[in-house]
Every structure is written in C-alpha cells, then in structure tokens.
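Beneath this line is the structure, given in structure tokens, with notes to follow.
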Amino acid sequence: MRVITQQTLGGPEVLTIVDAPEPQPLPTEVLVRVKAIGLNPLEALLRAGEFPPLLGRPPFILGWDISGVVEEGPLTYRFRPGDEVFGMPLFPRAASAYAEVVAAPALHLVRKPASLSHIEASALPVVGLTAWQGLVDLGGVTEGDRVLVHGGGGGVGHVAIQIAKARGAHVIATASGSKRTFVEGFGADEVIDYTAVDFAEVVRDVDVVLDTIGGDTVERSLEVLRPGGHLVTAVAEEDSGLIAKYEAAGMRFSGIAVDPDPVALRGLVELVEQGRLRVHVQETFPFERVADAHRLLDGGHLRGKVVLTL
C-alpha cells in the first residue's frame, strides 16, 4: 500500500509517498480500505514542528480522520467486511491515517450514514467531536442558552453552530465579514465581523463560549459571559493564568482534549440522519497532491475542511 510520510520537519514539500506493508489488525481492530482522509490544521503544525510532538520525531505518518470500507476484522465484533465506516481512531496517538489502508479499533469507528459521502464523512470526526465534547459534554448546552462560537466559519466552528442550534441555543458567531453569509447558512442567529467590531463590546449574557482562536480572544471572552458562565477552549487549555482569572471572576474554564468517543460520534451521526448537521468541504485533493493540500492548510482562513481522496 501507499502511505504519506516525512523524514524531517518542514514545509509541505517534506511529505512524500512511499510503499509500505499493510498493517495487521489486532483482535479488536478492523482493517479499513480508506476512501477519503480529512485534514486538520493540527497536522500542518505537527508536520512543521510547531506543535508539541504528539508523534515524536520523524519519520512518522500523519492523520486521524478517515472514511472507508472494512476489509478485515473479527466477524463477531461490530463490523463485517464491506461495511462503510468513518471515525478518528487512536487520537492523540498515531493512527497513521495518511494511507491507503488503516488498522483501527472497531470501537473508534461508526457506520457511515448513506446521506454522507466518504468525502463528507472523513471531514467530520475531529471537528465534530471537538465541537460535541466542547458544547455537549463540557458546556452542557441546552434549550434557551446563549452560545458564542469564535471562528464560526472554520472547521470546528461551522459544526459547533449546528450542534448548538440542534440543542435549542441562541447562537452568536464571530467570523470575518466575507464569511457572514456562509456562517448564517449554518444557522447562526447573529454574526459578529471581528475585523470591524470588538465582540467584547457588543455581546453580553452568554452562557457558553466555545473558543477555537486562542490569544487574547480567550481573555476578552470573560467580559461577555453571564455570572457563572463557562468558557470552553480548544487551544488554550493549559493556561494556568487564564484559568485562575476565570475562577476568580466566578466563571468556569474548561479545555477540550478531544478523544475518539463512540457515543459522541453516534450523536453526530444522529444529527446527520435528522438533517440537522452537515459538514462543508472547501476543497478536495487527490492523495498524490497532499503537499498542495497542506499549502492550503498553512494559509489558514479556511471555510470548513480540506480532504484527500483515494
């Protein structure tokens, strides 16, 4: 099989396609013939060495989001050959998902809904689970809550808007003015153009803030929360100074360390099947053009996700 690996840290050009033996599944794993691979900004940071080395030093194979077809696995356990599945296996340990074939714990996969293509399904797990665990598991968002989603046009953000709306929340999203129509299309009740307006001056009485931006956005979000409100961040979860500041103000502060929770993954599938959740793929690239896909990741300001196809 072919895999995408790298021998050194660096720019997109370090990603190379090589032949490798197929992985051998363990007793509770299945072998998946991959049809599509969702790419995430984290992978570009890992490739370049700009993030703590989850995968150690090169050589390594990036990737977690996959959608494909089961080729092999225990016949009595969850899936059978031919089943279409998707998921985010093993995160944050290496899943080596930039590959034609992946061995994954069956527990970390779910059946792909017929309404989702493999491209769409591969784009959902990391962003969907991050949003679900932030808003549902940690934030406890419920009917009538006011929710502020920072980065509403990004991968996590556009899914988070839909999850919050499905739970009956009033959703405010920050996004650039060029993304206003895009973000409103996913159900945001209010869109704040952060390039023209300071959200901290116009937003108040928020129950839950979901942060995907970091920097001073996290600190300034303290001003928009109601008493006892909750900030959930995907990027500043270990900032002890901020945690202390929130707690001193009587607010809650939580960080998301996303994991491949099958219960949450099935929750996402249920919303998809109800027609209440869709994932936007900005661009697809063939497996061979992974470097071009990573150049797009490096550029930032994405609308939704980028996907490799096989």
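Ordered as shown in the structure tokens, chains take letters A, B, and onward, while each chain numbers its residues from 1 and ligands are numbered from 1 in the order shown.
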
Report task. Report as a list of chain:residue names: the residues of region 172-215 of chain A with a DSSP assignment of alpha helix (DSSP H), based on the backbone of this structure. Result ->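 Matching residues, listed in order: A:Arg180, A:Thr181, A:Phe182, A:Val183, A:Glu184, A:Phe199, A:Ala200, A:Glu201, A:Val202.
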
With 12 Å as the cut-off and only C-alpha atoms counted, what is the closest atom pair between each nearby residue of region 54-160 of chain A and region 248-253 of chain A? Distances in Å to one decimal, ordered by chain and number, as a Markdown table.
```
| residue | atom | partner | partner_atom | distance |
| --- | --- | --- | --- | --- |
| A:Gly134 | CA | A:Phe253 | CA | 11.2 |
| A:Leu138 | CA | A:Phe253 | CA | 9.8 |
| A:Gly139 | CA | A:Arg252 | CA | 9.5 |
```

For Pro74 (chain A), work out the shell of residues within 12 Å, counting only C-alpha atoms and skipping chain neighbours fewer than 2 positions away, then give it as an mmCIF file with all heavy atoms, in the first residue's frame.
```
data_model
loop_
_atom_site.group_PDB
_atom_site.id
_atom_site.type_symbol
_atom_site.label_atom_id
_atom_site.label_comp_id
_atom_site.auth_asym_id
_atom_site.auth_seq_id
_atom_site.Cartn_x
_atom_site.Cartn_y
_atom_site.Cartn_z
ATOM 1 N N PRO A 25 -4.244 -5.918 11.770
ATOM 2 C CA PRO A 25 -5.154 -5.530 12.845
ATOM 3 C C PRO A 25 -5.031 -6.439 14.065
ATOM 4 O O PRO A 25 -4.833 -7.653 13.943
ATOM 5 C CB PRO A 25 -6.538 -5.658 12.203
ATOM 6 C CG PRO A 25 -6.355 -6.650 11.096
ATOM 7 C CD PRO A 25 -4.960 -6.438 10.586
ATOM 8 N N LEU A 26 -5.139 -5.837 15.237
ATOM 9 C CA LEU A 26 -5.182 -6.586 16.491
ATOM 10 C C LEU A 26 -6.576 -7.190 16.669
ATOM 11 O O LEU A 26 -7.495 -6.883 15.908
ATOM 12 C CB LEU A 26 -4.831 -5.652 17.648
ATOM 13 C CG LEU A 26 -3.407 -5.076 17.611
ATOM 14 C CD1 LEU A 26 -3.230 -4.019 18.707
ATOM 15 C CD2 LEU A 26 -2.375 -6.181 17.754
ATOM 16 N N PRO A 27 -6.779 -8.035 17.684
ATOM 17 C CA PRO A 27 -8.063 -8.744 17.807
ATOM 18 C C PRO A 27 -9.313 -7.874 17.858
ATOM 19 O O PRO A 27 -10.377 -8.319 17.441
ATOM 20 C CB PRO A 27 -7.885 -9.524 19.113
ATOM 21 C CG PRO A 27 -6.410 -9.802 19.175
ATOM 22 C CD PRO A 27 -5.771 -8.569 18.622
ATOM 23 N N THR A 28 -9.235 -6.652 18.385
ATOM 24 C CA THR A 28 -10.432 -5.800 18.424
ATOM 25 C C THR A 28 -10.372 -4.685 17.383
ATOM 26 O O THR A 28 -11.111 -3.699 17.474
ATOM 27 C CB THR A 28 -10.618 -5.173 19.815
ATOM 28 O OG1 THR A 28 -9.451 -4.414 20.148
ATOM 29 C CG2 THR A 28 -10.849 -6.245 20.858
ATOM 30 N N GLU A 29 -9.516 -4.828 16.390
ATOM 31 C CA GLU A 29 -9.373 -3.827 15.341
ATOM 32 C C GLU A 29 -9.920 -4.339 14.018
ATOM 33 O O GLU A 29 -10.090 -5.554 13.827
ATOM 34 C CB GLU A 29 -7.898 -3.442 15.170
ATOM 35 C CG GLU A 29 -7.292 -2.736 16.364
ATOM 36 C CD GLU A 29 -5.851 -2.333 16.126
ATOM 37 O OE1 GLU A 29 -5.167 -2.972 15.295
ATOM 38 O OE2 GLU A 29 -5.398 -1.388 16.785
ATOM 39 N N VAL A 30 -10.161 -3.393 13.126
ATOM 40 C CA VAL A 30 -10.551 -3.737 11.765
ATOM 41 C C VAL A 30 -9.580 -3.066 10.802
ATOM 42 O O VAL A 30 -8.958 -2.050 11.118
ATOM 43 C CB VAL A 30 -11.993 -3.292 11.436
ATOM 44 C CG1 VAL A 30 -12.992 -4.089 12.245
ATOM 45 C CG2 VAL A 30 -12.178 -1.800 11.661
ATOM 46 N N LEU A 31 -9.454 -3.660 9.628
ATOM 47 C CA LEU A 31 -8.632 -3.088 8.566
ATOM 48 C C LEU A 31 -9.566 -2.330 7.636
ATOM 49 O O LEU A 31 -10.545 -2.883 7.144
ATOM 50 C CB LEU A 31 -7.912 -4.210 7.817
ATOM 51 C CG LEU A 31 -6.615 -3.851 7.084
ATOM 52 C CD1 LEU A 31 -5.570 -3.359 8.073
ATOM 53 C CD2 LEU A 31 -6.108 -5.058 6.312
ATOM 54 N N VAL A 70 -14.573 -1.483 5.437
ATOM 55 C CA VAL A 70 -13.923 -2.533 6.217
ATOM 56 C C VAL A 70 -13.510 -3.677 5.302
ATOM 57 O O VAL A 70 -14.322 -4.193 4.524
ATOM 58 C CB VAL A 70 -14.861 -3.054 7.327
ATOM 59 C CG1 VAL A 70 -14.252 -4.272 8.030
ATOM 60 C CG2 VAL A 70 -15.158 -1.956 8.334
ATOM 61 N N GLU A 71 -12.244 -4.059 5.382
ATOM 62 C CA GLU A 71 -11.739 -5.191 4.602
ATOM 63 C C GLU A 71 -11.582 -6.441 5.435
ATOM 64 O O GLU A 71 -11.737 -7.555 4.943
ATOM 65 C CB GLU A 71 -10.382 -4.845 3.982
ATOM 66 C CG GLU A 71 -10.464 -3.948 2.768
ATOM 67 C CD GLU A 71 -9.226 -4.024 1.900
ATOM 68 O OE1 GLU A 71 -8.159 -4.459 2.399
ATOM 69 O OE2 GLU A 71 -9.322 -3.651 0.716
ATOM 70 N N GLU A 72 -11.240 -6.262 6.693
ATOM 71 C CA GLU A 72 -10.922 -7.414 7.525
ATOM 72 C C GLU A 72 -11.184 -7.066 8.977
ATOM 73 O O GLU A 72 -10.981 -5.931 9.406
ATOM 74 C CB GLU A 72 -9.436 -7.771 7.336
ATOM 75 C CG GLU A 72 -8.939 -8.934 8.160
ATOM 76 C CD GLU A 72 -7.439 -9.155 7.991
ATOM 77 O OE1 GLU A 72 -6.894 -8.761 6.931
ATOM 78 O OE2 GLU A 72 -6.822 -9.685 8.921
ATOM 79 N N THR A 76 -17.460 -11.393 14.476
ATOM 80 C CA THR A 76 -18.496 -11.257 15.502
ATOM 81 C C THR A 76 -18.427 -9.917 16.218
ATOM 82 O O THR A 76 -19.163 -9.694 17.154
ATOM 83 C CB THR A 76 -18.341 -12.377 16.551
ATOM 84 O OG1 THR A 76 -17.041 -12.277 17.149
ATOM 85 C CG2 THR A 76 -18.505 -13.747 15.918
ATOM 86 N N TYR A 77 -17.571 -9.041 15.787
ATOM 87 C CA TYR A 77 -17.335 -7.814 16.556
ATOM 88 C C TYR A 77 -17.643 -6.560 15.741
ATOM 89 O O TYR A 77 -16.857 -6.149 14.906
ATOM 90 C CB TYR A 77 -15.879 -7.773 17.043
ATOM 91 C CG TYR A 77 -15.621 -6.691 18.066
ATOM 92 C CD1 TYR A 77 -16.014 -6.861 19.389
ATOM 93 C CD2 TYR A 77 -15.012 -5.504 17.711
ATOM 94 C CE1 TYR A 77 -15.785 -5.892 20.341
ATOM 95 C CE2 TYR A 77 -14.777 -4.513 18.653
ATOM 96 C CZ TYR A 77 -15.173 -4.717 19.968
ATOM 97 O OH TYR A 77 -14.942 -3.745 20.914
ATOM 98 N N ARG A 78 -18.814 -5.986 15.921
ATOM 99 C CA ARG A 78 -19.206 -4.673 15.426
ATOM 100 C C ARG A 78 -19.380 -4.555 13.916
ATOM 101 O O ARG A 78 -20.383 -4.100 13.448
ATOM 102 C CB ARG A 78 -18.239 -3.587 15.922
ATOM 103 C CG ARG A 78 -18.248 -3.431 17.421
ATOM 104 C CD ARG A 78 -17.364 -2.283 17.882
ATOM 105 N NE ARG A 78 -17.310 -2.249 19.339
ATOM 106 C CZ ARG A 78 -18.212 -1.671 20.128
ATOM 107 N NH1 ARG A 78 -19.240 -1.048 19.591
ATOM 108 N NH2 ARG A 78 -18.095 -1.696 21.437
ATOM 109 N N PHE A 79 -18.342 -4.903 13.137
ATOM 110 C CA PHE A 79 -18.392 -4.688 11.699
ATOM 111 C C PHE A 79 -18.047 -5.946 10.938
ATOM 112 O O PHE A 79 -17.387 -6.845 11.448
ATOM 113 C CB PHE A 79 -17.417 -3.574 11.280
ATOM 114 C CG PHE A 79 -17.642 -2.278 11.984
ATOM 115 C CD1 PHE A 79 -16.664 -1.743 12.809
ATOM 116 C CD2 PHE A 79 -18.832 -1.568 11.834
ATOM 117 C CE1 PHE A 79 -16.861 -0.546 13.463
ATOM 118 C CE2 PHE A 79 -19.040 -0.377 12.494
ATOM 119 C CZ PHE A 79 -18.054 0.138 13.305
ATOM 120 N N ARG A 80 -18.487 -5.957 9.683
ATOM 121 C CA ARG A 80 -18.152 -7.041 8.764
ATOM 122 C C ARG A 80 -17.510 -6.460 7.517
ATOM 123 O O ARG A 80 -17.713 -5.287 7.195
ATOM 124 C CB ARG A 80 -19.404 -7.844 8.395
ATOM 125 C CG ARG A 80 -19.997 -8.614 9.569
ATOM 126 C CD ARG A 80 -21.213 -9.429 9.151
ATOM 127 N NE ARG A 80 -21.691 -10.220 10.274
ATOM 128 C CZ ARG A 80 -21.247 -11.441 10.573
ATOM 129 N NH1 ARG A 80 -20.299 -11.996 9.818
ATOM 130 N NH2 ARG A 80 -21.719 -12.102 11.605
ATOM 131 N N PRO A 81 -16.743 -7.266 6.792
ATOM 132 C CA PRO A 81 -16.159 -6.776 5.545
ATOM 133 C C PRO A 81 -17.237 -6.199 4.628
ATOM 134 O O PRO A 81 -18.320 -6.765 4.477
ATOM 135 C CB PRO A 81 -15.523 -8.033 4.949
ATOM 136 C CG PRO A 81 -15.163 -8.862 6.154
ATOM 137 C CD PRO A 81 -16.291 -8.635 7.124
ATOM 138 N N PRO A 105 -9.102 0.595 15.936
ATOM 139 C CA PRO A 105 -10.010 -0.051 16.885
ATOM 140 C C PRO A 105 -11.451 0.065 16.395
ATOM 141 O O PRO A 105 -11.901 1.156 16.036
ATOM 142 C CB PRO A 105 -9.791 0.743 18.176
ATOM 143 C CG PRO A 105 -8.430 1.347 18.038
ATOM 144 C CD PRO A 105 -8.282 1.649 16.578
ATOM 145 N N ALA A 106 -12.148 -1.038 16.386
ATOM 146 C CA ALA A 106 -13.543 -1.007 15.926
ATOM 147 C C ALA A 106 -14.379 -0.043 16.763
ATOM 148 O O ALA A 106 -15.310 0.586 16.258
ATOM 149 C CB ALA A 106 -14.137 -2.408 15.979
#
```

Using only C-alpha atoms, which residues sit within 8 Å of Glu283 (chain A) once same-chain residues fewer than 6 positions away are excluded, as a short mmCIF file (atom, residue, chain, number, x, y, z; two decimals) with N, CA, C and O atoms, in the first residue's frame?
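Once written, result19.cif looks like this:
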```cif
data_model
loop_
_atom_site.label_atom_id
_atom_site.label_comp_id
_atom_site.auth_asym_id
_atom_site.auth_seq_id
_atom_site.Cartn_x
_atom_site.Cartn_y
_atom_site.Cartn_z
N LYS A 305 -13.53 22.33 5.78
CA LYS A 305 -12.45 21.35 5.80
C LYS A 305 -11.80 21.15 4.43
O LYS A 305 -12.35 21.51 3.40
N VAL A 306 -10.62 20.51 4.47
CA VAL A 306 -9.88 20.08 3.29
C VAL A 306 -9.76 18.56 3.36
O VAL A 306 -9.51 18.00 4.45
N VAL A 307 -9.91 17.88 2.23
CA VAL A 307 -9.96 16.41 2.21
C VAL A 307 -9.07 15.86 1.11
O VAL A 307 -9.01 16.42 0.00
#
```

Query raised in the report: Leaving out Ala99 (chain A) and any residue of its chain fewer than 2 positions from it, which residues lie within 7 Å of it when counting only C-alpha atoms, given as a list of chain:residue names?
Result: A:Arg2, A:Val3, A:Ile4, A:Ser96, A:Ala97, A:Val101, A:Val102

Written file, previous selection with N, CA and C atoms, as a PDB file, in the first residue's frame:
```pdb
ATOM      1  N   ARG A   2       0.275   2.387  -0.347  1.00  0.00           N
ATOM      2  CA  ARG A   2       0.994   3.654  -0.312  1.00  0.00           C
ATOM      3  C   ARG A   2       0.651   4.407   0.975  1.00  0.00           C
ATOM      4  N   VAL A   3       1.654   5.086   1.525  1.00  0.00           N
ATOM      5  CA  VAL A   3       1.460   5.950   2.680  1.00  0.00           C
ATOM      6  C   VAL A   3       2.166   7.275   2.400  1.00  0.00           C
ATOM      7  N   ILE A   4       1.743   8.305   3.108  1.00  0.00           N
ATOM      8  CA  ILE A   4       2.399   9.609   3.034  1.00  0.00           C
ATOM      9  C   ILE A   4       3.199   9.782   4.317  1.00  0.00           C
ATOM     10  N   SER A  96      -1.766   6.954  11.861  1.00  0.00           N
ATOM     11  CA  SER A  96      -1.136   6.786  10.545  1.00  0.00           C
ATOM     12  C   SER A  96      -2.189   6.740   9.442  1.00  0.00           C
ATOM     13  N   ALA A  97      -3.042   7.756   9.453  1.00  0.00           N
ATOM     14  CA  ALA A  97      -4.214   7.751   8.565  1.00  0.00           C
ATOM     15  C   ALA A  97      -3.935   8.266   7.165  1.00  0.00           C
ATOM     16  N   VAL A 101      -4.556   2.070   3.547  1.00  0.00           N
ATOM     17  CA  VAL A 101      -5.173   1.104   4.453  1.00  0.00           C
ATOM     18  C   VAL A 101      -4.792   1.479   5.882  1.00  0.00           C
ATOM     19  N   VAL A 102      -5.776   1.441   6.796  1.00  0.00           N
ATOM     20  CA  VAL A 102      -5.543   1.789   8.194  1.00  0.00           C
ATOM     21  C   VAL A 102      -6.124   0.703   9.083  1.00  0.00           C
TER      22      VAL A 102
END
```

Report task. Go through A:Ala293, A:Val32, A:Val159, A:Ala264 one by one, measure the shortest atom-to-atom distance of each to Arg278 (chain A) using only C-alpha atoms, and give the residue with the smallest value. Result ->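 Using only C-alpha atoms, Arg278 (chain A) sits closest to A:Val159.
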
Report task. Name all residues at most 6 Å from Thr174 (chain A) (count only C-alpha atoms; drop same-chain ones fewer than 4 positions away) and give them as JSON, numbers by chain. Result -> {"A": [150, 151, 152, 191, 192, 193]}

Take the residues from that selection and put them in a file with C-alpha atoms, as an mmCIF file, in the first residue's frame.
```
data_model
loop_
_atom_site.group_PDB
_atom_site.id
_atom_site.type_symbol
_atom_site.label_atom_id
_atom_site.label_comp_id
_atom_site.auth_asym_id
_atom_site.auth_seq_id
_atom_site.Cartn_x
_atom_site.Cartn_y
_atom_site.Cartn_z
ATOM 1 C CA HIS A 150 -15.415 32.003 17.957
ATOM 2 C CA GLY A 151 -14.243 31.177 14.439
ATOM 3 C CA GLY A 152 -17.696 30.294 13.162
ATOM 4 C CA VAL A 191 -22.683 37.074 13.202
ATOM 5 C CA ILE A 192 -20.056 39.467 14.556
ATOM 6 C CA ASP A 193 -17.488 40.634 11.997
#
```

Query raised in the report: Rounded to one decimal in Å, what is the spacing between CA of Val126 (chain A) and CA of Ile66 (chain A)?
Result: 9.9 Å

Requested in this report: May I have all residues of region 186-272 of chain A that DSSP, computed from the backbone, assigns to strand (DSSP E or B), given as a ChimeraX atom specification?
Outcome: /A:190-193,206-211,225-233,252-255

Query - Surrounding residues of Pro286 (chain A) excluding itself and chain neighbours under 4 positions, 7 Å, only C-alpha atoms, as a VMD selection string - result: chain A and resid 308 to 310

Output file for the selection above: N, CA and C atoms, as a compact mmCIF listing (two decimals), in the first residue's frame:
```
# COMPACT_ATOMS: atom_id res chain seq x y z
N LEU A 308 -8.38 14.75 1.43
CA LEU A 308 -7.67 13.96 0.41
C LEU A 308 -8.56 12.81 -0.03
N THR A 309 -8.54 12.50 -1.32
CA THR A 309 -9.33 11.39 -1.83
C THR A 309 -8.43 10.32 -2.42
N LEU A 310 -8.91 9.09 -2.35
CA LEU A 310 -8.19 7.94 -2.91
C LEU A 310 -9.09 7.22 -3.91
```

Query raised in the report: What does the distance from CA of Glu223 (chain A) to CA of Glu247 (chain A) come to in Å, to one decimal?
Result: 13.3 Å

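Using only C-alpha atoms, the nearest neighbour of Phe182 (chain A) within the list A:Leu302, A:Val110, A:Leu39, A:Leu148 is A:Leu302.
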
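The interatomic distance for the pair CA of Glu184 (chain A) and CA of Lys112 (chain A) works out to 26.8 Å.
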
With 12 Å as the cut-off and only C-alpha atoms counted, what is the closest atom pair between each nearby residue of region 186-285 of chain A and region 168-171 of chain A? Distances in Å to one decimal, ordered by chain and number, as CSV.
```
residue,atom,partner,partner_atom,distance
A:Phe186,CA,A:Val171,CA,10.3
A:Gly187,CA,A:Val171,CA,7.8
A:Ala188,CA,A:Val171,CA,5.3
A:Asp189,CA,A:Val171,CA,5.3
A:Glu190,CA,A:Val171,CA,6.6
A:Val191,CA,A:Val171,CA,8.7
A:Ile192,CA,A:Val171,CA,11.0
A:Val203,CA,A:Val171,CA,11.3
A:Asp205,CA,A:His170,CA,11.3
A:Val206,CA,A:His170,CA,9.4
A:Asp207,CA,A:Ala169,CA,9.7
A:Val208,CA,A:Val171,CA,9.8
A:Val209,CA,A:Val171,CA,9.9
A:Leu210,CA,A:Val171,CA,10.7
A:Arg276,CA,A:Gly168,CA,11.8
```

Save out the residues we just selected, N, CA and C atoms, as an mmCIF file, in the first residue's frame.
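Output (result.cif):
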```cif
data_model
loop_
_atom_site.group_PDB
_atom_site.id
_atom_site.type_symbol
_atom_site.label_atom_id
_atom_site.label_comp_id
_atom_site.auth_asym_id
_atom_site.auth_seq_id
_atom_site.Cartn_x
_atom_site.Cartn_y
_atom_site.Cartn_z
ATOM 1 N N PHE A 186 -25.385 28.168 8.246
ATOM 2 C CA PHE A 186 -25.361 27.038 9.177
ATOM 3 C C PHE A 186 -26.215 27.298 10.411
ATOM 4 N N GLY A 187 -26.927 28.436 10.413
ATOM 5 C CA GLY A 187 -27.912 28.661 11.460
ATOM 6 C C GLY A 187 -27.565 29.688 12.502
ATOM 7 N N ALA A 188 -26.423 30.381 12.380
ATOM 8 C CA ALA A 188 -26.075 31.387 13.381
ATOM 9 C C ALA A 188 -27.146 32.471 13.441
ATOM 10 N N ASP A 189 -27.578 32.811 14.656
ATOM 11 C CA ASP A 189 -28.587 33.856 14.832
ATOM 12 C C ASP A 189 -27.986 35.246 14.691
ATOM 13 N N GLU A 190 -26.731 35.386 15.104
ATOM 14 C CA GLU A 190 -26.014 36.651 14.981
ATOM 15 C C GLU A 190 -24.598 36.347 14.518
ATOM 16 N N VAL A 191 -24.062 37.207 13.652
ATOM 17 C CA VAL A 191 -22.683 37.074 13.202
ATOM 18 C C VAL A 191 -21.961 38.380 13.483
ATOM 19 N N ILE A 192 -20.858 38.300 14.220
ATOM 20 C CA ILE A 192 -20.056 39.467 14.556
ATOM 21 C C ILE A 192 -18.817 39.471 13.664
ATOM 22 N N VAL A 203 -21.460 41.993 22.730
ATOM 23 C CA VAL A 203 -22.077 40.738 23.158
ATOM 24 C C VAL A 203 -22.125 40.689 24.686
ATOM 25 N N ASP A 205 -24.199 38.503 28.301
ATOM 26 C CA ASP A 205 -25.077 37.477 28.882
ATOM 27 C C ASP A 205 -24.981 36.139 28.156
ATOM 28 N N VAL A 206 -23.758 35.734 27.841
ATOM 29 C CA VAL A 206 -23.531 34.455 27.175
ATOM 30 C C VAL A 206 -23.359 33.354 28.220
ATOM 31 N N ASP A 207 -23.989 32.220 27.968
ATOM 32 C CA ASP A 207 -23.865 31.086 28.880
ATOM 33 C C ASP A 207 -22.597 30.274 28.621
ATOM 34 N N VAL A 208 -22.312 30.039 27.333
ATOM 35 C CA VAL A 208 -21.148 29.227 26.971
ATOM 36 C C VAL A 208 -20.423 29.876 25.799
ATOM 37 N N VAL A 209 -19.117 30.029 25.933
ATOM 38 C CA VAL A 209 -18.262 30.459 24.832
ATOM 39 C C VAL A 209 -17.436 29.267 24.382
ATOM 40 N N LEU A 210 -17.433 28.997 23.080
ATOM 41 C CA LEU A 210 -16.559 27.970 22.519
ATOM 42 C C LEU A 210 -15.467 28.677 21.729
ATOM 43 N N ARG A 276 -29.923 17.716 10.471
ATOM 44 C CA ARG A 276 -29.613 18.893 11.292
ATOM 45 C C ARG A 276 -28.121 19.203 11.352
#
```

Report task. Select, from A:Arg204, A:Gly11, A:Lys245, A:Asp65, the residue with the minimum atom-to-atom distance to Gly49 (chain A), counting only C-alpha atoms. Result ->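 For Gly49 (chain A), the nearest of the given residues is A:Gly11.
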
Query raised in the report: Pick from A:Leu296, A:Leu109, A:Leu42, A:Val127: nearest to Val263 (chain A), with only C-alpha atoms counted?
Result: A:Leu109

Query - Proximity to Ala234 (chain A) - best of A:Ile256, A:Val85, A:Val183, A:Ala123, only C-alpha atoms - result: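 Nearest candidate to Ala234 (chain A) out of A:Ile256, A:Val85, A:Val183, A:Ala123: A:Ile256.
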
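If only C-alpha atoms are the atoms counted, then among A:Val269, A:Val202, A:Ala196, A:Leu135 the closest residue to Ser254 (chain A) is A:Leu135.
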